[in-house]
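> Take this structure first; my questions come after.
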Amino acid sequence: MEKQLQGANKRPEQQAVGSPRANVHPDYTTAAEAMSILKVRPQTLYAYVSRGLLHSIAQTGRKGRLYLRDDLRRLEARSLARNGHGPVAASAMNFGEPIISTSVTEITAEGPRYRGRMAVDLARAQAPFEAVAQLLWTGVWNDNAGLWPRVEPWPELNQLIGAARTGSGNSCLLDLFAMVTLHLGCRRQVGQDDGDPMQMIDAARQIIQTLAGCYGLLAPDGSYMPVAGNRSIAQGILDALSIDSTGENWEGINSLLVLLADHELSPATFAARVAASTGCTLHSSVASAFSASSGALIAGMYDGIDQFLDSASTASAMLRRAAALHRQGMAVPGFDHPLYPHGDPRAKYLLELARRRTRQTRQMAEIYRYVEEMAARHGLLPRHELGVVTMTRAIGMPRQTAAALSAFARVAGWVAHIEEQRMFGTVLRPRARFAGGAP
């Protein structure tokens, strides 16, 4: 295979501005254009790359490297932020400087830390998702946290689920989650989840348990399957999908839920906090987050990874397809997280857990080899979406499950952020910098 992407820490080559190669790549740009955008010298561009602030790739058959446009936009906004409050806000809105204080989750190089406890450590210790959710909501760790009281589904739920069977795709299932959450809110008394933390926790448990049964929509018979009273949330999801609740399957799903329970101010979390800041109910705020999660740039990322993995049956074929994408200046789905320049620890653990499973198919072995080769040859490291897709495939779950599980897990974090935002007592209302012309 052609030599390309030979690591990120290479010195940027000079290339004339206006070169025919400039402005032709949707995801990447040339060194000359990158320096023009940032108004920096080659030495500074090289420093950005070496510090992990800017990702670069080599071009097949060419000396000049290409630089990720999203990284350039973030660096440009950060540079402009020194000039006034408007640019500061613009910088902060795209993986920039923090704009909201929180005591829920901290992003570290080792992954998210929930209330002082590392998410990866909790997953390795096989901490139940229920206990992790309780930690996020209360700040207290309970080693003896048990199963939640069973929630009885209301009679109209199956009718609501049935109406959604005609749809398909990640956005349809996430829209269903939002709709079911709103219906749950309508059944509770107005303001019942406000003010009293225990009422809020009770409502959050009801949302999570009810949505877990909605995974039955993806099962062969397509029916709602309530979580049984003696089953955990992870077991309830497996039951709904008609998948054996073996120890390996439980650990895979539970670890996924724990690792993705929160990630500080993701777009959906921000949407939940904005809604909560205006006085919305818990259910309306969570529904807002589900709607944000269904977007093509979030849920659609899982579809892109699935489509890429389905497009080739061997690691070699996947690598050739990755090379073709790079020749077009396009990013390979599932790699490089802006907050983890040295690799997403959540993806690393999910892939490690998937590879430890007793039974392995040839297809899964090819995916593992592909991920390894992308790191070894090109320095591209997987992000959590690729880890989630790989884990759901290893368990044998339907294709749509990956995005839905990620958003479902995040309900635990959303509830914690909603509670925290209410304590602030202020409306989140950022200003816009008008860029239009005069009338």
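Each chain in the structure tokens gets a letter, A, B and so on, in the order shown; residues start at 1 in every chain, and ligands are counted from 1 in the order they appear.
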Write out, as a tab-separated table, each residue of region 104-171 of chain A that has an atom at most 9 Å from region 319-342 of chain A, together with the closest pair of atoms and their distance in Å to one decimal, counting only C-alpha atoms, rows going by chain and rising number.


```
residue	atom	partner	partner_atom	distance
A:Ile107	CA	A:Leu339	CA	8.0
A:Thr108	CA	A:Tyr340	CA	8.4
A:Ala109	CA	A:Tyr340	CA	6.4
A:Glu110	CA	A:Tyr340	CA	8.6
A:Gly111	CA	A:Tyr340	CA	8.1
```

> List every residue of region 185-282 of chain A that DSSP, applied to the backbone, labels as helix (DSSP H, G or I), and write the result as a ChimeraX atom specification.

/A:185-187,197-218,233-240,247-259,267-277,282

> Leaving out Val415 (chain A) and any residue of its chain fewer than 5 positions from it, which residues lie within 10 Å of it when counting only C-alpha atoms, given as a PyMOL selection string?

chain A and resi 133+136-137+200-201+203-204+262+269+272-273+276+282-283+285-286+410+420-421

> Which residue, A:Gln209, A:Tyr368, A:His384, A:Gly222, has the smallest gap to Ile161 (chain A) when you use only C-alpha atoms?

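Between A:Gln209, A:Tyr368, A:His384, A:Gly222, the residue approaching Ile161 (chain A) most closely is A:Gly222.
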
> Residues at most 12 Å from Asn158 (chain A), counting only C-alpha atoms, excluding those fewer than 5 positions away in the same chain, as a PyMOL selection string?

chain A and resi 153+163-165+180+210+213-214+216-217+222-226

> Go through A:His263, A:Arg69, A:Arg124, A:Arg51 one by one, measure the shortest atom-to-atom distance of each to Gly413 (chain A) using only C-alpha atoms, and give the residue with the smallest value.

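Using only C-alpha atoms, Gly413 (chain A) sits closest to A:His263.
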
> Grab the CA of Tyr28 (chain A) to CA of Tyr67 (chain A) distance for me, in Å with one decimal place.

5.0 Å
